[in-house]
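Data file: start-v9.txt. Format and content: compact mmCIF, C-alpha atoms and all ligand atoms.
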```
# COMPACT_ATOMS: atom_id res chain seq x y z
CA MET A 1 0.00 0.00 0.00
CA SER A 2 1.40 3.44 -0.90
CA ARG A 3 1.76 6.41 1.44
CA ARG A 4 -1.27 8.65 1.84
CA THR A 5 -1.25 11.72 -0.40
CA THR A 6 -4.32 13.90 -0.07
CA ARG A 7 -5.55 16.07 -2.93
CA VAL A 8 -3.46 19.16 -3.59
CA ARG A 9 -4.31 22.06 -1.24
CA LYS A 10 -2.49 25.28 -0.51
CA PRO A 11 -0.72 24.78 2.86
CA ARG A 12 -1.81 27.34 5.46
CA GLY A 13 0.55 27.24 8.43
CA ARG A 14 2.21 24.35 10.26
CA SER A 15 0.80 20.93 9.43
CA ARG A 16 -0.82 19.02 12.32
CA VAL A 17 -1.14 15.77 10.31
CA GLY A 18 -0.10 12.71 12.30
CA GLU A 19 -0.68 14.32 15.74
CA ARG A 20 -2.83 12.30 18.13
CA PHE A 21 -5.15 13.19 21.00
CA GLU A 22 -7.83 11.46 23.06
CA ALA A 23 -11.32 12.92 22.95
CA GLU A 24 -15.01 12.38 23.50
CA VAL A 25 -16.93 12.06 20.22
CA GLY A 26 -19.86 14.39 19.58
CA ALA A 27 -22.75 14.20 17.12
CA ILE A 28 -22.73 12.69 13.65
CA ALA A 29 -22.30 15.26 10.85
CA HIS A 30 -23.16 15.18 7.14
CA GLY A 31 -20.41 13.36 5.23
CA GLY A 32 -19.86 10.21 7.31
CA HIS A 33 -17.87 11.66 10.20
CA CYS A 34 -18.52 12.75 13.78
CA VAL A 35 -17.80 16.10 15.37
CA VAL A 36 -15.05 16.39 17.98
CA ARG A 37 -14.61 19.78 19.65
CA LEU A 38 -11.10 20.54 20.84
CA PRO A 39 -10.91 23.07 23.69
CA GLU A 40 -8.40 25.95 23.90
CA PRO A 41 -5.64 26.33 22.93
CA GLU A 42 -6.65 24.41 19.75
CA ALA A 43 -10.29 25.57 19.77
CA ARG A 44 -11.06 23.55 16.67
CA VAL A 45 -13.75 21.30 15.31
CA VAL A 46 -12.30 18.01 14.04
CA PHE A 47 -14.38 15.83 11.70
CA VAL A 48 -13.53 12.30 12.75
CA ARG A 49 -14.19 9.14 10.73
CA HIS A 50 -14.46 5.60 12.13
CA ALA A 51 -15.98 6.93 15.37
CA LEU A 52 -19.47 6.93 16.90
CA PRO A 53 -21.26 9.57 18.98
CA GLY A 54 -20.59 9.18 22.70
CA GLU A 55 -17.41 7.16 22.28
CA ARG A 56 -14.01 7.99 23.74
CA VAL A 57 -11.36 7.52 21.07
CA VAL A 58 -7.81 8.37 20.10
CA VAL A 59 -7.90 10.62 17.04
CA GLU A 60 -5.08 10.96 14.54
CA ILE A 61 -5.23 14.14 12.47
CA THR A 62 -5.29 13.35 8.73
CA GLU A 63 -5.75 16.89 7.37
CA GLY A 64 -5.17 20.21 9.07
CA THR A 65 -2.79 23.07 9.63
CA ASP A 66 -2.62 25.87 12.18
CA GLY A 67 -4.33 28.08 9.61
CA ASP A 68 -7.35 25.85 9.02
CA ARG A 69 -10.71 26.51 10.64
CA PHE A 70 -11.35 22.78 11.05
CA TRP A 71 -9.34 19.60 10.85
CA ARG A 72 -10.06 16.05 9.76
CA GLY A 73 -9.05 12.90 11.61
CA ASP A 74 -9.52 9.18 12.03
CA ALA A 75 -10.36 7.33 15.25
CA VAL A 76 -7.34 5.04 15.36
CA SER A 77 -8.22 3.33 18.64
CA VAL A 78 -11.30 3.14 20.80
CA VAL A 79 -11.01 3.80 24.53
CA GLN A 80 -14.71 3.45 25.31
CA ALA A 81 -16.92 1.94 22.61
CA SER A 82 -20.52 2.74 21.71
CA PRO A 83 -22.99 -0.17 22.02
CA ASP A 84 -23.65 0.42 18.29
CA ARG A 85 -20.05 -0.50 17.37
CA VAL A 86 -19.26 -3.81 15.62
CA ASP A 87 -16.13 -5.27 14.05
CA ALA A 88 -16.17 -4.16 10.40
CA PRO A 89 -17.13 -7.13 8.21
CA CYS A 90 -14.83 -5.77 5.48
CA PRO A 91 -11.06 -6.24 5.98
CA TYR A 92 -10.39 -3.11 3.89
CA ALA A 93 -12.47 -0.78 6.11
CA GLY A 94 -10.66 1.35 8.66
CA PRO A 95 -8.23 4.27 9.04
CA GLY A 96 -5.92 4.59 6.02
CA LEU A 97 -7.71 1.83 4.11
CA CYS A 98 -10.53 1.88 1.51
CA GLY A 99 -12.42 5.18 1.45
CA GLY A 100 -15.59 3.67 -0.03
CA CYS A 101 -17.59 2.86 3.13
CA ASP A 102 -18.04 5.11 6.16
CA PHE A 103 -20.10 2.95 8.52
CA GLN A 104 -18.72 -0.60 8.39
CA HIS A 105 -18.02 -0.29 12.13
CA VAL A 106 -21.69 0.42 12.95
CA THR A 107 -24.65 -2.00 13.27
CA VAL A 108 -26.94 -1.67 10.25
CA PRO A 109 -29.94 -0.34 12.26
CA ALA A 110 -27.66 2.19 13.98
CA GLN A 111 -26.35 3.32 10.55
CA ARG A 112 -29.94 4.26 9.70
CA GLY A 113 -30.18 6.10 13.02
CA LEU A 114 -27.11 8.16 12.09
CA LYS A 115 -28.53 8.97 8.66
CA THR A 116 -31.88 9.92 10.21
CA ALA A 117 -30.07 12.38 12.50
CA VAL A 118 -28.20 13.88 9.53
CA VAL A 119 -31.31 14.34 7.34
CA ARG A 120 -33.22 15.90 10.26
CA GLU A 121 -30.32 18.24 11.02
CA GLN A 122 -30.01 19.39 7.39
CA LEU A 123 -33.77 20.05 7.17
CA VAL A 124 -33.59 22.23 10.28
CA ARG A 125 -30.27 23.99 9.66
CA LEU A 126 -30.45 24.56 5.89
CA GLY A 127 -34.14 23.88 5.14
CA ARG A 128 -35.30 26.15 8.00
CA LEU A 129 -37.86 23.66 9.28
CA GLU A 130 -38.93 23.71 12.93
CA PRO A 131 -36.88 21.13 14.91
CA GLY A 132 -40.00 19.95 16.74
CA SER A 133 -42.21 19.72 13.64
CA ASP A 134 -43.88 16.38 12.85
CA LEU A 135 -42.05 16.27 9.50
CA VAL A 136 -38.67 16.46 11.19
CA SER A 137 -39.33 14.33 14.27
CA GLY A 138 -41.36 11.75 12.30
CA LEU A 139 -38.66 11.16 9.70
CA GLN A 140 -36.90 7.77 9.93
CA VAL A 141 -34.55 6.39 7.29
CA GLU A 142 -36.25 3.23 6.05
CA ALA A 143 -34.55 -0.13 5.44
CA VAL A 144 -34.58 -1.42 1.86
CA PRO A 145 -33.50 -5.06 2.08
CA VAL A 146 -32.02 -6.80 -0.94
CA PRO A 147 -34.44 -9.63 -1.83
CA GLY A 148 -33.21 -12.95 -0.50
CA ARG A 149 -30.66 -11.41 1.91
CA ASP A 150 -30.67 -10.64 5.61
CA ASP A 151 -30.54 -6.96 6.52
CA ASP A 152 -26.72 -7.09 6.68
CA GLY A 153 -25.95 -4.08 4.45
CA LEU A 154 -23.79 -6.19 2.11
CA ARG A 155 -23.88 -7.25 -1.59
CA TRP A 156 -26.28 -4.51 -2.76
CA ARG A 157 -24.17 -2.54 -5.31
CA THR A 158 -25.07 -3.82 -8.76
CA ARG A 159 -22.31 -1.68 -10.31
CA GLN A 160 -18.95 -0.79 -8.81
CA ARG A 161 -15.89 1.14 -9.96
CA TYR A 162 -12.42 -0.28 -9.44
CA ALA A 163 -9.04 1.19 -10.20
CA MET A 164 -6.00 -0.94 -10.91
CA THR A 165 -2.60 -0.97 -9.22
CA PRO A 166 0.56 -0.83 -11.39
CA ASP A 167 1.00 -4.57 -10.77
CA GLY A 168 -2.49 -5.27 -12.10
CA ARG A 169 -4.61 -5.75 -8.97
CA PRO A 170 -8.12 -4.30 -8.61
CA ALA A 171 -8.11 -1.48 -6.08
CA MET A 172 -10.19 1.15 -4.29
CA ARG A 173 -9.06 4.64 -3.31
CA GLN A 174 -8.30 5.87 0.20
CA HIS A 175 -10.60 8.51 1.67
CA ARG A 176 -10.01 11.95 0.03
CA SER A 177 -6.94 10.58 -1.72
CA HIS A 178 -5.85 9.15 -5.05
CA ASP A 179 -3.82 6.47 -3.30
CA LEU A 180 -4.87 2.91 -4.03
CA VAL A 181 -5.79 0.06 -1.71
CA PRO A 182 -5.67 -3.28 -3.53
CA VAL A 183 -8.81 -5.35 -2.85
CA ASP A 184 -9.64 -9.00 -3.52
CA ASP A 185 -13.32 -8.40 -2.87
CA CYS A 186 -15.77 -5.60 -2.08
CA LEU A 187 -18.41 -6.75 0.38
CA ILE A 188 -21.04 -4.23 -0.72
CA ALA A 189 -20.69 -5.28 -4.39
CA ALA A 190 -23.33 -7.73 -5.62
CA ASP A 191 -22.36 -10.79 -7.63
CA GLY A 192 -21.46 -9.49 -11.09
CA ALA A 193 -19.92 -6.31 -9.67
CA ARG A 194 -17.15 -7.87 -7.53
CA PRO A 195 -13.51 -7.19 -8.46
CA THR A 196 -13.12 -10.68 -9.82
CA ASP A 197 -16.20 -10.17 -12.07
CA ALA A 198 -15.52 -6.69 -13.44
CA SER A 199 -13.46 -6.07 -16.57
CA VAL A 200 -10.86 -3.66 -15.21
CA GLU A 201 -8.06 -2.42 -17.43
CA GLU A 202 -4.70 -1.06 -16.42
CA GLY A 203 -4.75 2.57 -15.35
CA ASP A 204 -8.40 2.85 -16.15
CA GLU A 205 -11.28 3.29 -13.73
CA HIS A 206 -14.57 2.42 -15.28
CA LEU A 207 -17.79 0.48 -15.19
CA SER A 208 -18.08 -2.71 -17.19
CA ARG A 209 -18.19 -1.91 -20.89
CA GLY A 210 -20.59 -3.23 -23.48
CA GLY A 211 -23.84 -2.49 -25.25
CA PRO A 212 -27.04 -1.13 -23.68
CA VAL A 213 -28.69 -3.11 -20.92
CA THR A 214 -32.40 -3.46 -20.23
CA HIS A 215 -33.80 -3.22 -16.70
CA GLU A 216 -37.40 -4.26 -16.09
CA VAL A 217 -39.01 -2.27 -13.28
CA THR A 218 -42.17 -3.43 -11.51
CA ALA A 219 -43.73 -0.76 -9.32
CA SER A 220 -47.25 0.16 -8.20
CA GLY A 221 -48.80 -2.52 -10.42
CA GLN A 222 -47.00 -1.37 -13.59
CA VAL A 223 -44.14 -3.17 -15.35
CA HIS A 224 -41.88 -1.33 -17.82
CA PRO A 225 -38.55 -2.12 -19.47
CA PHE A 226 -35.82 0.55 -19.53
CA SER A 227 -32.94 0.52 -21.95
CA VAL A 228 -29.80 2.19 -20.50
CA ALA A 229 -26.28 2.67 -21.91
CA ALA A 230 -23.78 0.35 -20.17
CA ASP A 231 -22.03 3.37 -18.63
CA GLY A 232 -25.21 5.49 -18.29
CA PHE A 233 -26.95 6.48 -15.04
CA TRP A 234 -29.03 3.78 -13.36
CA GLN A 235 -29.61 3.40 -9.64
CA VAL A 236 -27.10 0.94 -8.15
CA HIS A 237 -29.30 -0.63 -5.44
CA PRO A 238 -31.45 -3.33 -7.04
CA GLU A 239 -34.58 -2.15 -5.20
CA ALA A 240 -34.02 1.58 -5.78
CA PRO A 241 -36.03 2.05 -9.01
CA ARG A 242 -39.10 0.34 -7.50
CA VAL A 243 -38.86 2.05 -4.11
CA LEU A 244 -38.31 5.52 -5.58
CA VAL A 245 -41.04 5.19 -8.23
CA GLU A 246 -43.52 3.99 -5.60
CA ALA A 247 -42.60 6.87 -3.26
CA VAL A 248 -42.94 9.43 -6.07
CA LEU A 249 -46.33 8.06 -7.17
CA ASP A 250 -47.54 7.81 -3.60
CA LEU A 251 -46.54 11.38 -2.70
CA LEU A 252 -47.49 13.09 -5.98
CA ALA A 253 -50.78 11.17 -6.35
CA PRO A 254 -50.97 11.98 -10.09
CA ALA A 255 -54.47 12.28 -11.54
CA PRO A 256 -55.60 11.60 -15.12
CA GLU A 257 -54.84 14.53 -17.48
CA GLU A 258 -52.24 16.16 -15.24
CA ARG A 259 -49.27 17.46 -17.24
CA THR A 260 -45.86 16.38 -15.95
CA LEU A 261 -42.32 17.69 -16.19
CA ASP A 262 -39.61 15.13 -15.32
CA LEU A 263 -36.35 17.07 -14.76
CA TYR A 264 -32.97 15.31 -14.73
CA ALA A 265 -34.93 12.44 -16.22
CA GLY A 266 -32.14 10.00 -17.07
CA VAL A 267 -33.67 7.35 -19.32
CA GLY A 268 -37.21 8.34 -18.32
CA LEU A 269 -37.85 6.20 -15.22
CA PHE A 270 -40.29 8.55 -13.46
CA ALA A 271 -41.78 9.98 -16.69
CA ARG A 272 -42.77 6.46 -17.79
CA PHE A 273 -44.61 5.56 -14.57
CA VAL A 274 -46.25 8.95 -13.96
CA GLY A 275 -47.24 9.29 -17.64
CA GLU A 276 -48.96 5.90 -17.56
CA VAL A 277 -51.22 7.15 -14.74
CA THR A 278 -51.96 10.61 -16.15
CA GLY A 279 -52.26 9.65 -19.83
CA ALA A 280 -51.35 13.28 -20.54
CA ARG A 281 -48.40 15.38 -21.69
CA VAL A 282 -45.04 14.38 -20.16
CA VAL A 283 -41.81 16.21 -20.87
CA ALA A 284 -38.52 14.63 -19.80
CA VAL A 285 -35.49 16.93 -19.59
CA GLU A 286 -32.02 15.39 -19.53
CA ALA A 287 -28.54 16.69 -20.38
CA ASP A 288 -26.84 13.45 -21.41
CA ARG A 289 -27.33 12.74 -25.12
CA ALA A 290 -27.15 8.96 -24.86
CA ALA A 291 -29.65 8.97 -21.96
CA CYS A 292 -32.01 11.15 -24.06
CA GLN A 293 -31.89 8.65 -26.91
CA HIS A 294 -32.71 5.81 -24.55
CA ALA A 295 -35.47 7.90 -22.92
CA ARG A 296 -37.11 8.47 -26.32
CA GLY A 297 -37.31 4.71 -26.84
CA ASN A 298 -38.39 4.01 -23.25
CA LEU A 299 -41.21 6.59 -23.42
CA ALA A 300 -42.38 5.73 -26.95
CA ALA A 301 -45.45 3.86 -25.70
CA LEU A 302 -46.80 6.97 -23.93
CA ARG A 303 -49.42 8.98 -25.83
CA SER A 304 -47.71 12.34 -25.58
CA ALA A 305 -44.22 12.20 -24.14
CA THR A 306 -41.31 14.27 -25.42
CA VAL A 307 -37.66 14.41 -24.42
CA GLU A 308 -35.76 17.71 -24.32
CA CYS A 309 -32.02 17.23 -24.43
CA GLY A 310 -29.94 19.88 -22.63
CA PRO A 311 -29.12 21.33 -19.22
CA THR A 312 -32.34 21.82 -17.23
CA ASP A 313 -31.65 25.49 -16.58
CA ARG A 314 -31.15 26.26 -20.28
CA VAL A 315 -34.10 24.16 -21.47
CA LEU A 316 -36.45 25.86 -18.99
CA ARG A 317 -35.07 29.35 -19.68
CA SER A 318 -35.40 29.08 -23.43
CA GLY A 319 -38.76 27.32 -23.78
CA LEU A 320 -41.33 25.02 -22.19
CA ASP A 321 -43.09 28.06 -20.74
CA GLU A 322 -46.42 26.24 -20.59
CA PRO A 323 -48.05 25.27 -17.28
CA PHE A 324 -47.35 21.90 -15.69
CA ASP A 325 -49.35 20.30 -12.88
CA LEU A 326 -46.62 17.99 -11.60
CA VAL A 327 -42.83 18.12 -11.53
CA VAL A 328 -40.38 15.35 -10.69
CA LEU A 329 -36.98 16.73 -9.82
CA ASP A 330 -34.06 14.30 -9.48
CA PRO A 331 -30.87 16.35 -9.76
CA PRO A 332 -27.28 15.21 -9.24
CA ARG A 333 -25.60 15.60 -5.86
CA GLU A 334 -25.30 19.41 -5.99
CA GLY A 335 -29.10 19.80 -6.11
CA ALA A 336 -31.31 21.87 -8.42
CA LYS A 337 -30.21 25.27 -7.03
CA ARG A 338 -31.97 28.62 -7.22
CA ALA A 339 -32.10 29.12 -10.99
CA VAL A 340 -33.85 25.81 -11.64
CA VAL A 341 -36.09 26.01 -8.56
CA GLU A 342 -37.30 29.45 -9.69
CA GLN A 343 -37.96 28.15 -13.22
CA VAL A 344 -39.99 25.31 -11.70
CA VAL A 345 -42.15 27.50 -9.46
CA ASP A 346 -42.76 29.90 -12.38
CA ARG A 347 -44.77 27.10 -14.01
CA ARG A 348 -47.04 26.95 -10.93
CA PRO A 349 -47.17 23.14 -10.55
CA ARG A 350 -49.61 21.74 -8.00
CA ALA A 351 -46.87 19.53 -6.55
CA VAL A 352 -43.18 18.73 -6.92
CA ALA A 353 -41.62 15.36 -6.04
CA TYR A 354 -37.96 15.98 -5.27
CA VAL A 355 -35.73 12.88 -5.33
CA ALA A 356 -32.46 13.74 -3.61
CA CYS A 357 -29.20 11.88 -3.02
CA ASP A 358 -27.78 14.71 -0.88
CA PRO A 359 -29.89 15.89 2.07
CA ALA A 360 -27.91 19.14 2.36
CA ALA A 361 -28.61 20.12 -1.26
CA LEU A 362 -32.25 19.07 -0.80
CA ALA A 363 -32.59 21.20 2.33
CA ARG A 364 -31.06 24.27 0.64
CA ASP A 365 -33.52 23.88 -2.25
CA VAL A 366 -36.44 23.35 0.16
CA ALA A 367 -35.67 26.78 1.64
CA ILE A 368 -35.74 28.35 -1.85
CA PHE A 369 -39.06 26.63 -2.65
CA ALA A 370 -40.47 28.04 0.62
CA GLU A 371 -39.61 31.60 -0.48
CA HIS A 372 -41.91 30.98 -3.44
CA GLY A 373 -44.87 29.56 -1.51
CA TYR A 374 -44.01 25.87 -1.86
CA GLU A 375 -43.82 24.02 1.43
CA LEU A 376 -42.37 20.66 2.26
CA THR A 377 -45.46 18.62 3.15
CA ALA A 378 -44.03 15.10 3.25
CA ILE A 379 -40.67 13.40 3.13
CA ARG A 380 -39.38 9.84 3.16
CA ALA A 381 -35.80 8.65 3.32
CA PHE A 382 -34.39 5.31 2.21
CA ASP A 383 -31.23 3.40 3.10
CA LEU A 384 -30.24 2.67 -0.50
CA PHE A 385 -26.50 2.86 0.25
CA PRO A 386 -25.86 0.73 3.38
CA MET A 387 -22.38 0.93 4.97
CA THR A 388 -21.88 4.40 3.44
CA HIS A 389 -23.15 7.74 4.76
CA HIS A 390 -25.29 8.22 1.65
CA VAL A 391 -29.08 8.32 1.86
CA GLU A 392 -31.82 8.92 -0.70
CA CYS A 393 -34.81 11.14 0.11
CA VAL A 394 -38.10 11.72 -1.69
CA ALA A 395 -39.75 14.99 -0.68
CA LEU A 396 -43.12 16.46 -1.60
CA LEU A 397 -43.37 20.23 -2.08
CA GLU A 398 -46.83 21.69 -2.53
CA ARG A 399 -48.04 25.16 -3.47
CA ILE A 400 -49.48 26.41 -0.19
CA ARG A 401 -49.38 30.22 -0.36
CA PRO A 402 -48.35 33.06 -2.64
CA ALA A 403 -44.62 33.69 -3.03
CA MET A 404 -42.91 36.07 -0.53
CA SER A 405 -42.44 39.42 -2.21
C1 LIG B 1 -29.65 11.32 -10.14
S1 LIG B 1 -29.69 11.05 -11.88
C2 LIG B 1 -31.42 10.75 -12.08
C3 LIG B 1 -31.84 10.05 -13.35
C4 LIG B 1 -33.26 9.53 -13.39
N1 LIG B 1 -34.23 10.43 -12.82
C5 LIG B 1 -33.37 8.16 -12.77
O1 LIG B 1 -33.88 8.04 -11.65
O2 LIG B 1 -32.93 7.18 -13.38
C6 LIG B 1 -29.43 12.65 -12.47
C7 LIG B 1 -29.53 12.81 -13.97
O3 LIG B 1 -29.37 14.19 -14.27
C8 LIG B 1 -28.60 14.32 -15.44
N2 LIG B 1 -28.05 15.68 -15.39
C9 LIG B 1 -26.95 16.13 -14.74
N3 LIG B 1 -26.86 17.48 -14.85
C10 LIG B 1 -27.93 17.87 -15.58
C11 LIG B 1 -28.41 19.13 -16.01
N4 LIG B 1 -27.76 20.25 -15.71
N5 LIG B 1 -29.54 19.16 -16.71
C12 LIG B 1 -30.22 18.02 -17.02
N6 LIG B 1 -29.82 16.81 -16.65
C13 LIG B 1 -28.69 16.72 -15.93
C14 LIG B 1 -27.61 13.18 -15.40
O4 LIG B 1 -27.16 12.86 -16.70
C15 LIG B 1 -28.47 12.07 -14.78
O5 LIG B 1 -29.12 11.34 -15.77
```
Taking this structure as input, can you express it in the form of structure tokens?
Ligand SMILES: C[S@@+](CC[C@H](N)C(=O)[O-])C[C@H]1O[C@@H](n2cnc3c(N)ncnc32)[C@H](O)[C@@H]1O
Amino acid sequence: MSRRTTRVRKPRGRSRVGERFEAEVGAIAHGGHCVVRLPEPEARVVFVRHALPGERVVVEITEGTDGDRFWRGDAVSVVQASPDRVDAPCPYAGPGLCGGCDFQHVTVPAQRGLKTAVVREQLVRLGRLEPGSDLVSGLQVEAVPVPGRDDDGLRWRTRQRYAMTPDGRPAMRQHRSHDLVPVDDCLIAADGARPTDASVEEGDEHLSRGGPVTHEVTASGQVHPFSVAADGFWQVHPEAPRVLVEAVLDLLAPAPEERTLDLYAGVGLFARFVGEVTGARVVAVEADRAACQHARGNLAALRSATVECGPTDRVLRSGLDEPFDLVVLDPPREGAKRAVVEQVVDRRPRAVAYVACDPAALARDVAIFAEHGYELTAIRAFDLFPMTHHVECVALLERIRPAMS
């Protein structure tokens, strides 16, 4: 294994990397680490991985200088363990090892507890929801078991990326580093996506190559096939398409003749299911050309579906200025952001289903929707990425009052 080299950053003062201290671990924070507060003279927050709230641990600083506002660290030994701690099932999980999983050292139910706390905190801090509101206190990240498996958090990733070491071994990267950790297996990878299954080439990091694949999705009594490019976007958890479609349909409650805008549509997953219920106009907007081509084929059976290829912001700014009753919004990690949110609310939809893989981006956008009279009226969260800090939310925003002037 090579020495750790973190991504290039301008040094600001004396490095503290490698220093150790013992501390009590505070709350979980967004990003898979816990907060440790160092008293004077350091007076710093340290984001610590491989720890659990309430534990006493020895922290080794992995990033930080005297000039930094906060530092990063790893819990390298545990003085007093949380009852939620387990031995990591994966031999490559731990300080200085594979950066892919954050929560291998946590029981699977407790992982969902940590994610619940993070989503609630983001909704309050960035989404400006009341901490005591039913929406916040009622939210619980839901288990999504892989059919035929115990709820062990393993073997759920149907696609996985591997790098390759110079001597030809499949590898993962260390946390926030380009350095490689050779791996013989990845315990969250499903059969077909394990290092021994994937076609990895020297110096290349990629998904398996090949022609388009077809995924059949059964949800809410409908069954549809979806053609997707081999390297195109498709949810990696085998239950994700069904669970997310059912949540979107359940929250949006589409009615016949309602017009629908599916933004960041991929190959048309939500457009296909919603359009089948409404039987009315559906417009799918997607930036990736190959995905648009697949979406056109996947939506061909709908009476009046069209696919607009281009960045959502540009497509909405330069056209589509008709009213829509329903919007599905499923942006990448950075969220939809103000420009797109404002284009959406301009069309005065009755309801927006927001599918989000980053609760912080979701919460920031929820606050922008609220400025325009759209309130968060329901939210569900799903554990579609066990062992990692990632969580998928589906939120319902409804037009409740006129926009704030
Ligand atoms: C999280 S995926 C969702 C795809 C789809 N809704 C699904 O569930 O299969 C986000 C999609 O947004 C697309 N995308 C990224 N940036 C975009 C942009 N600025 N405008 C439109 N689509 C974009 C990506 O190509 C990707 O297909």
Given 7 Å and all atoms listed in the file, residues near ligand LIG 1 (chain B) as a tab-separated table (two decimals) with C-alpha atoms, keeping the file's coordinate frame:
```tsv
chain	number	residue	atom	x	y	z
A	233	PHE	CA	-26.95	6.48	-15.04
A	234	TRP	CA	-29.03	3.78	-13.36
A	235	GLN	CA	-29.61	3.40	-9.64
A	241	PRO	CA	-36.03	2.05	-9.01
A	263	LEU	CA	-36.35	17.07	-14.76
A	264	TYR	CA	-32.97	15.31	-14.73
A	265	ALA	CA	-34.93	12.44	-16.22
A	266	GLY	CA	-32.14	10.00	-17.07
A	267	VAL	CA	-33.67	7.35	-19.32
A	268	GLY	CA	-37.21	8.34	-18.32
A	269	LEU	CA	-37.85	6.20	-15.22
A	270	PHE	CA	-40.29	8.55	-13.46
A	285	VAL	CA	-35.49	16.93	-19.59
A	286	GLU	CA	-32.02	15.39	-19.53
A	287	ALA	CA	-28.54	16.69	-20.38
A	288	ASP	CA	-26.84	13.45	-21.41
A	291	ALA	CA	-29.65	8.97	-21.96
A	310	GLY	CA	-29.94	19.88	-22.63
A	311	PRO	CA	-29.12	21.33	-19.22
A	312	THR	CA	-32.34	21.82	-17.23
A	313	ASP	CA	-31.65	25.49	-16.58
A	330	ASP	CA	-34.06	14.30	-9.48
A	331	PRO	CA	-30.87	16.35	-9.76
A	332	PRO	CA	-27.28	15.21	-9.24
```
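For the pair atom CA of A:Arg173 and atom CA of A:Phe103, the interatomic distance is 16.3 Å.
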Near A:Asn298, within 10 Å and counting all atoms listed in the file, which residues show up once chain neighbours fewer than 6 positions away are dropped, as a PDB file with C-alpha atoms, in the coordinates of the input?
```pdb
ATOM      1  CA  HIS A 224     -41.880  -1.330 -17.820  1.00  0.00           C
ATOM      2  CA  PRO A 225     -38.550  -2.120 -19.470  1.00  0.00           C
ATOM      3  CA  PHE A 226     -35.820   0.550 -19.530  1.00  0.00           C
ATOM      4  CA  SER A 227     -32.940   0.520 -21.950  1.00  0.00           C
ATOM      5  CA  VAL A 228     -29.800   2.190 -20.500  1.00  0.00           C
ATOM      6  CA  VAL A 267     -33.670   7.350 -19.320  1.00  0.00           C
ATOM      7  CA  GLY A 268     -37.210   8.340 -18.320  1.00  0.00           C
ATOM      8  CA  LEU A 269     -37.850   6.200 -15.220  1.00  0.00           C
ATOM      9  CA  ALA A 271     -41.780   9.980 -16.690  1.00  0.00           C
ATOM     10  CA  ARG A 272     -42.770   6.460 -17.790  1.00  0.00           C
ATOM     11  CA  CYS A 292     -32.010  11.150 -24.060  1.00  0.00           C
TER      12      CYS A 292
END
```
Give me the residues of stretch 77-106 of chain A that have any atom at most 10 Å from an atom of stretch 388-402 of chain A; for each, the nearest atom pair and the distance in Å, rounded to one decimal. Use all atoms listed in the file, sort by chain and number, and format it as CSV.
```
residue,atom,partner,partner_atom,distance
A:Gly99,CA,A:Thr388,CA,9.7
A:Gly100,CA,A:Thr388,CA,7.2
A:Cys101,CA,A:Thr388,CA,4.6
A:Asp102,CA,A:Thr388,CA,4.8
A:Phe103,CA,A:Thr388,CA,5.6
A:Gln104,CA,A:Thr388,CA,7.7
```
Would you mind exporting C-alpha atoms of the selected residues as a PDB file, in the coordinates of the input?
```pdb
ATOM      1  CA  GLY A  99     -12.420   5.180   1.450  1.00  0.00           C
ATOM      2  CA  GLY A 100     -15.590   3.670  -0.030  1.00  0.00           C
ATOM      3  CA  CYS A 101     -17.590   2.860   3.130  1.00  0.00           C
ATOM      4  CA  ASP A 102     -18.040   5.110   6.160  1.00  0.00           C
ATOM      5  CA  PHE A 103     -20.100   2.950   8.520  1.00  0.00           C
ATOM      6  CA  GLN A 104     -18.720  -0.600   8.390  1.00  0.00           C
TER       7      GLN A 104
END
```
What is the distance, in Å and to one decimal place, between atom CA of A:Thr377 and atom CA of A:Arg128? 13.5 Å
Rounded to one decimal, what separation in Å do you get between atom CA of A:Pro195 and atom CA of A:Val76? 27.5 Å
Residue list as a list in words for point (-10.7, 10.5, 26.7), cut-off 9 Å, all atoms listed in the file: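 Checked against the point, the hits come out as Phe21, Glu22, Ala23, Glu24, Glu55, Arg56, Val57, Val58, Val79 and Gln80 of chain A.
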Which residues are close to A:Glu322, i.e. within 10 Å by all atoms listed in the file, leaving aside same-chain residues fewer than 6 positions away? Reply as a PyMOL selection string. chain A and resi 259+346-348
Residue nearest A:Asp152 among A:Ser220, A:Thr214, A:Gln174, A:Thr107 (counting only C-alpha atoms): A:Thr107
Of A:Val118, A:Val328, A:Met172, A:Val59, the one sitting nearest A:Asp358 when using all atoms listed in the file is A:Val118
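Each of A:Leu114, A:Ile379, A:Leu154, A:Met164 was checked against A:Cys90 using all atoms listed in the file; the smallest atom-to-atom distance is that of A:Leu154.
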Have a look at A:Arg69, A:Arg44, A:His30, A:Arg281 and name the one nearest to A:Gly13; count all atoms listed in the file. A:Arg69
For A:Asp134, work out the shell of residues within 12 Å, counting all atoms listed in the file and skipping chain neighbours fewer than 5 positions away, then give it as a PyMOL selection string. chain A and resi 120+129+139-140+376-379
With only C-alpha atoms as the basis for distance, which of A:Pro212, A:Gly67, A:Pro91, A:Gly73 is at the shortest distance from A:Arg20?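 Closest to A:Arg20, using only C-alpha atoms: A:Gly73.
Only residues having an atom at most 7 Å from (-35.6, 14.4, -23.4) are included; using all atoms listed in the file, these are Val283, Ala284, Val285, Glu286, Cys292, Ala295, Arg296, Thr306, Val307, Glu308 and Cys309 of chain A.
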Using only C-alpha atoms, which protein or nucleic acid residues come within 8 Å of A:Ala290? Drop anything in the same chain fewer than 3 positions from it, and give the result as a VMD selection string. chain A and resid 229 232 293 to 294
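Comparing the minimum interatomic distances between A:Pro254 and each of A:Asp325, A:Asp197, A:Asp184, A:Asp191, counting all atoms listed in the file, we find that A:Asp325 sits nearest.
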